[in-house]
Amino acid sequence: MKQSLQLRTSQHLALTPQLQQSIRLLQLSTLELHQEIEQILHDNPLLERLDDPLDRSVRLLADGAINTAPPNGEAPAAQPGQEGPDGAKAENGGMDGEDHGERGDADMDWGGEGGGARSGDDEDGRPQLEADGITLREHLGEQIRLTGCSMRDRALAELVIDALDDNGYLEEPLDEIHARLPEELEVEMDELRCALALVQSLDPTGVGARSAGECLALQIRRMPGVPLVTRRLALKIVEGYLTWFAQREYTKLKKALDCDDEDLREVQAVIRQCNPHPGAAFGSGVSDYVVPDVIVRRAKNGWAVSLNPEVMPKLRVNSLYASLLKQGKSESQMGAQLQEAKWLIKNMRQRFDTILRVAEAIVERQRNFFSHGAVAMRPLVLREIADTLGLHESTISRVTTQKYMLTPHGMFELKYFFGSHVATEAGGEASSTAIRALIAQLTGAEDPRNPLSDSKIAEMLGEQGMVIARRTVAKYREALKIPPVSLRKSL
């Protein structure tokens with residue numbers, strides 16, 4: 001084999017750091033974007049943020065009182081009728097005619113959250129802070145301490161309480177709890193049963209149950225105002241026939257319990273008053289809130305689309321460092337940081353411009369949805385928006401992922417407006433979202449005693465020109481979390 005040197009010319013596509021950053025910012029959600037910006041602000045001193053989220057927050061002093069000084073260190077403006085720093089009284093809110101003309105409405109505090117004002121009912125002006133919520137174990141422990149039981153019984157009851165899950169159920173058998181106890185304590189199994197009975201007598205009713213049937217039975221026994229016959233029948237159902245009752249096998253229940261429809265209706269009303277998860281009310285779950293990136297409002301000529309200013313960070317280059325760079329008094333590293341800061345500001349502007357363009361194209365094609373609801377949704381694919389805007393499908397996919405639009409019909413992810421289609425008899429196409437909305441309407445208006453089956457729903461959709469199979473109806477119904485026909489039937 002002979003070795004040789006060859007010179008070739010070829011073309012290839014390379015992603016510059018600026019382009020990589022642009023793609024990364026485009027696919028981030030609002031929360032991830034702000035986290036990314038905070039990290040960049042920490043690493044790059046030439047970049048600063050104008051919209052500090054803590055500027056309008058209430059600040060507290062060491063003693064808990066509200067700090068009346070503004071966050072930028074300026075002296076607070078004198079109130080009308082009070083003496084200012086120079087001894088003169090402030091008039092017209094501390095502004096004369098000339099100053100009032102220079103100060104715009106944006107500088108005025110229209111929110112009524114002025115830090116210097118103190119409440120008339122609060123002498124020291126300290127804010128009322130919300131206390132932490134009590135947990136299920138703390139709630140049960142307080143009741144145990146008020147029962148006046150012995151220290152040994154209290155310890156065993158607290159042992160049972162510690163074994164409860166978040167819903168208030170005792171999933172671990174008493175035998176396993178007893179086996180874990182040291183032998184020198186000489187704890188008998190009957191003592192553990194008595195401790196469990198003590199826990200089951202506490203509030204909320206049903207706590208300490210080992211199954212759903214036992215939980216419902218504990219609540220039915222303590223439910224006031226229930227006739228004796230109805231209470232006995234309800235206890236029989238939850239203790240022995242709860243599966244049939246959940247599956248709405250009313251014919252089997254009437255035959256096994258020798259009762260009629262009226263008796264089952266009364267029992268059903270009693271059982272529906274029970275809470276199958278008595279400990280869930282003490283959970284510490286925190287709701288996750290979604291901030292929209294785009295807001296759609298009705299305008300005179302149709303629908304107007306605008307970006308949400310609350311999610312648009314305001315960034316700029318630090319003027320002091322920029323002037324030092326112009327004078328050549330800074331290090332070469334700061335020049336690269338200045339270029340990175342300019343790239344970030346440009347890419348941020350490009351990110352929101354792209355989101356706005358895509359949102360406007362979506363609203364333009366889904367006008368019927370905004371006017372009439374989900375039943376008027378038309379089929380839409382990513383390629384259609386990409387061809388209209390002259391962008392790649394991958395770019396549209398990044399824009400529509402984890403970006404949300406606030407509309408008069410609610411909050412939706414941008415991907416919600418894209419979906420598959422189903423052919424119609426007239427040769428047109430119907431959106432899968434519109435079909436799901438129609439299925440929800442049909443099941444919502446059905447007779448509870450004779451609910452619609454999947455085959456019947458497919459037939460009714462066929463009458464409206466939408467050719468759809470029964471299994472497709474079942475798939476859409478399950479996606480809407482609508483139970484099957486057997487579970488929707490009532491007495």
# chains A, B, ... in the order shown; residues from 1 in each chain; ligands from 1
>>> select_by_dssp(residues="region 269-451 of chain A", states="strand (DSSP E)", output="ChimeraX atom specification")
/A:294-299,302-307,315-317,404-407,410-413,421-423,429-431
>>> select_by_dssp(residues="region 130-251 of chain A", states="helix (DSSP H, G or I)", output="ChimeraX atom specification")
/A:136-146,151-162,174-180,183-185,189-200,212-221,228-240,242-246,250-251
>>> closest_residue(among="A:Ala359, A:Lys342, A:Ser319, A:Phe245", to="Val294 (chain A)", atoms="only C-alpha atoms")
A:Ala359
>>> closest_atom_pairs(of="region 241-319 of chain A", to="region 20-30 of chain A", cutoff="10 Å", atoms="only C-alpha atoms", output="Markdown table")
| residue | atom | partner | partner_atom | distance |
| --- | --- | --- | --- | --- |
| A:Val290 | CA | A:Thr30 | CA | 9.0 |
| A:Val291 | CA | A:Thr30 | CA | 7.6 |
| A:Pro292 | CA | A:Thr30 | CA | 8.5 |
| A:Asp293 | CA | A:Thr30 | CA | 7.5 |
| A:Val311 | CA | A:Thr30 | CA | 6.8 |
| A:Met312 | CA | A:Thr30 | CA | 9.0 |
>>> write_last_selection(atoms="C-alpha atoms", output="CSV table (one decimal), in the first residue's frame")
chain,number,residue,atom,x,y,z
A,290,VAL,CA,-48.8,27.1,34.7
A,291,VAL,CA,-47.9,30.6,33.4
A,292,PRO,CA,-49.0,31.2,29.8
A,293,ASP,CA,-46.5,32.3,27.2
A,311,VAL,CA,-42.6,35.7,31.3
A,312,MET,CA,-40.4,37.9,29.2
>>> residues_around(residues="Ala269 (chain A)", least_positions_apart="5", cutoff="12 Å", atoms="only C-alpha atoms", output="VMD selection string")
chain A and resid 220 226 230 to 231 234 262 to 264 274 490 to 491
>>> write_last_selection(atoms="C-alpha atoms", output="short mmCIF file (atom, residue, chain, number, x, y, z; two decimals), in the first residue's frame")
data_model
loop_
_atom_site.label_atom_id
_atom_site.label_comp_id
_atom_site.auth_asym_id
_atom_site.auth_seq_id
_atom_site.Cartn_x
_atom_site.Cartn_y
_atom_site.Cartn_z
CA ILE A 220 -71.32 4.04 58.06
CA VAL A 226 -79.41 6.62 58.83
CA THR A 230 -80.49 0.91 55.42
CA ARG A 231 -77.43 0.90 57.71
CA ALA A 234 -75.02 -0.81 53.53
CA GLU A 262 -85.49 1.57 46.19
CA ASP A 263 -83.38 -0.08 48.90
CA LEU A 264 -80.30 0.03 46.68
CA CYS A 274 -68.34 8.28 52.79
CA SER A 490 -77.22 3.79 37.60
CA LEU A 491 -80.48 2.72 39.19
#
>>> residues_around(residues="Glu176 (chain A)", least_positions_apart="6", cutoff="12 Å", atoms="only C-alpha atoms", output="ChimeraX atom specification")
/A:160,163,170,189,192
>>> closest_residue(among="A:Ala336, A:Val363, A:Leu315, A:Gly444", to="Arg298 (chain A)", atoms="only C-alpha atoms")
A:Val363
>>> residues_around(residues="Arg471 (chain A)", least_positions_apart="2", cutoff="12 Å", atoms="only C-alpha atoms", output="count of residues only")
14
>>> closest_residue(among="A:Arg137, A:Lys346, A:Arg145, A:His392", to="Leu159 (chain A)", atoms="only C-alpha atoms")
A:Arg137
>>> atom_distance(atom1="CA of Tyr404 (chain A)", atom2="CA of Leu31 (chain A)")
11.9 Å
>>> residues_around(residues="region 365-382 of chain A", least_positions_apart="4", cutoff="8 Å", atoms="only C-alpha atoms", output="PDB file with N, CA and C atoms, in the first residue's frame")
ATOM      1  N   TRP A 303     -59.401  37.626  16.474  1.00  0.00           N
ATOM      2  CA  TRP A 303     -58.689  37.246  17.685  1.00  0.00           C
ATOM      3  C   TRP A 303     -57.290  37.848  17.651  1.00  0.00           C
ATOM      4  N   ALA A 361     -50.018  31.835  13.788  1.00  0.00           N
ATOM      5  CA  ALA A 361     -50.387  30.899  12.719  1.00  0.00           C
ATOM      6  C   ALA A 361     -51.384  29.855  13.217  1.00  0.00           C
ATOM      7  N   ALA A 386     -45.082  24.808   9.600  1.00  0.00           N
ATOM      8  CA  ALA A 386     -43.692  24.986   9.172  1.00  0.00           C
ATOM      9  C   ALA A 386     -43.621  25.552   7.752  1.00  0.00           C
ATOM     10  N   GLU A 393     -39.817  21.589  10.635  1.00  0.00           N
ATOM     11  CA  GLU A 393     -40.773  20.946  11.550  1.00  0.00           C
ATOM     12  C   GLU A 393     -40.194  20.772  12.950  1.00  0.00           C
ATOM     13  N   ILE A 396     -40.804  23.918  14.885  1.00  0.00           N
ATOM     14  CA  ILE A 396     -42.192  24.023  15.336  1.00  0.00           C
ATOM     15  C   ILE A 396     -42.426  23.088  16.514  1.00  0.00           C
ATOM     16  N   SER A 397     -41.828  21.908  16.483  1.00  0.00           N
ATOM     17  CA  SER A 397     -41.985  20.968  17.591  1.00  0.00           C
ATOM     18  C   SER A 397     -41.386  21.520  18.873  1.00  0.00           C
ATOM     19  N   THR A 407     -56.549  31.104  26.615  1.00  0.00           N
ATOM     20  CA  THR A 407     -57.645  31.427  25.715  1.00  0.00           C
ATOM     21  C   THR A 407     -58.932  31.608  26.532  1.00  0.00           C
ATOM     22  N   PRO A 408     -59.983  32.131  25.928  1.00  0.00           N
ATOM     23  CA  PRO A 408     -61.276  32.204  26.639  1.00  0.00           C
ATOM     24  C   PRO A 408     -61.830  30.846  27.034  1.00  0.00           C
ATOM     25  N   HIS A 409     -61.345  29.766  26.406  1.00  0.00           N
ATOM     26  CA  HIS A 409     -61.804  28.419  26.735  1.00  0.00           C
ATOM     27  C   HIS A 409     -60.908  27.738  27.771  1.00  0.00           C
ATOM     28  N   PHE A 417     -53.362  21.934  19.847  1.00  0.00           N
ATOM     29  CA  PHE A 417     -54.051  22.326  18.615  1.00  0.00           C
ATOM     30  C   PHE A 417     -53.637  21.487  17.423  1.00  0.00           C
ATOM     31  N   PHE A 418     -52.710  20.556  17.616  1.00  0.00           N
ATOM     32  CA  PHE A 418     -52.311  19.643  16.550  1.00  0.00           C
ATOM     33  C   PHE A 418     -52.884  18.269  16.850  1.00  0.00           C
ATOM     34  N   GLY A 419     -53.336  17.587  15.838  1.00  0.00           N
ATOM     35  CA  GLY A 419     -53.894  16.262  16.060  1.00  0.00           C
ATOM     36  C   GLY A 419     -54.152  15.531  14.755  1.00  0.00           C
ATOM     37  N   SER A 420     -54.407  14.241  14.903  1.00  0.00           N
ATOM     38  CA  SER A 420     -54.701  13.413  13.727  1.00  0.00           C
ATOM     39  C   SER A 420     -56.096  13.729  13.203  1.00  0.00           C
ATOM     40  N   HIS A 421     -56.424  13.135  12.091  1.00  0.00           N
ATOM     41  CA  HIS A 421     -57.708  13.405  11.459  1.00  0.00           C
ATOM     42  C   HIS A 421     -58.416  12.098  11.142  1.00  0.00           C
ATOM     43  N   GLU A 429     -62.244  16.004   6.362  1.00  0.00           N
ATOM     44  CA  GLU A 429     -61.512  15.465   7.492  1.00  0.00           C
ATOM     45  C   GLU A 429     -62.041  16.100   8.767  1.00  0.00           C
ATOM     46  N   ALA A 430     -62.047  15.306   9.826  1.00  0.00           N
ATOM     47  CA  ALA A 430     -62.463  15.781  11.144  1.00  0.00           C
ATOM     48  C   ALA A 430     -61.322  15.557  12.128  1.00  0.00           C
ATOM     49  N   SER A 431     -61.098  16.518  12.997  1.00  0.00           N
ATOM     50  CA  SER A 431     -60.013  16.421  13.970  1.00  0.00           C
ATOM     51  C   SER A 431     -60.363  15.424  15.064  1.00  0.00           C
ATOM     52  N   SER A 432     -59.340  14.714  15.549  1.00  0.00           N
ATOM     53  CA  SER A 432     -59.562  13.793  16.657  1.00  0.00           C
ATOM     54  C   SER A 432     -59.980  14.533  17.924  1.00  0.00           C
ATOM     55  N   THR A 433     -59.523  15.768  18.090  1.00  0.00           N
ATOM     56  CA  THR A 433     -59.939  16.566  19.250  1.00  0.00           C
ATOM     57  C   THR A 433     -61.426  16.866  19.197  1.00  0.00           C
ATOM     58  N   ALA A 434     -61.929  17.187  18.007  1.00  0.00           N
ATOM     59  CA  ALA A 434     -63.359  17.443  17.859  1.00  0.00           C
ATOM     60  C   ALA A 434     -64.173  16.188  18.123  1.00  0.00           C
ATOM     61  N   ILE A 435     -63.657  15.033  17.705  1.00  0.00           N
ATOM     62  CA  ILE A 435     -64.379  13.780  17.942  1.00  0.00           C
ATOM     63  C   ILE A 435     -64.426  13.477  19.439  1.00  0.00           C
ATOM     64  N   ALA A 437     -64.404  15.660  21.798  1.00  0.00           N
ATOM     65  CA  ALA A 437     -65.369  16.586  22.387  1.00  0.00           C
ATOM     66  C   ALA A 437     -66.801  16.121  22.140  1.00  0.00           C
ATOM     67  N   LEU A 438     -67.069  15.579  20.955  1.00  0.00           N
ATOM     68  CA  LEU A 438     -68.407  15.061  20.673  1.00  0.00           C
ATOM     69  C   LEU A 438     -68.728  13.845  21.544  1.00  0.00           C
TER      70      LEU A 438
END
>>> closest_residue(among="A:Leu202, A:Ala14, A:Ala322, A:Cys259", to="Thr147 (chain A)", atoms="only C-alpha atoms")
A:Leu202
>>> closest_residue(among="A:Leu257, A:Ile144, A:Met466, A:Leu216", to="Ser201 (chain A)", atoms="only C-alpha atoms")
A:Ile144
>>> residues_around(residues="His139 (chain A)", least_positions_apart="5", cutoff="12 Å", atoms="only C-alpha atoms", output="count of residues only")
17
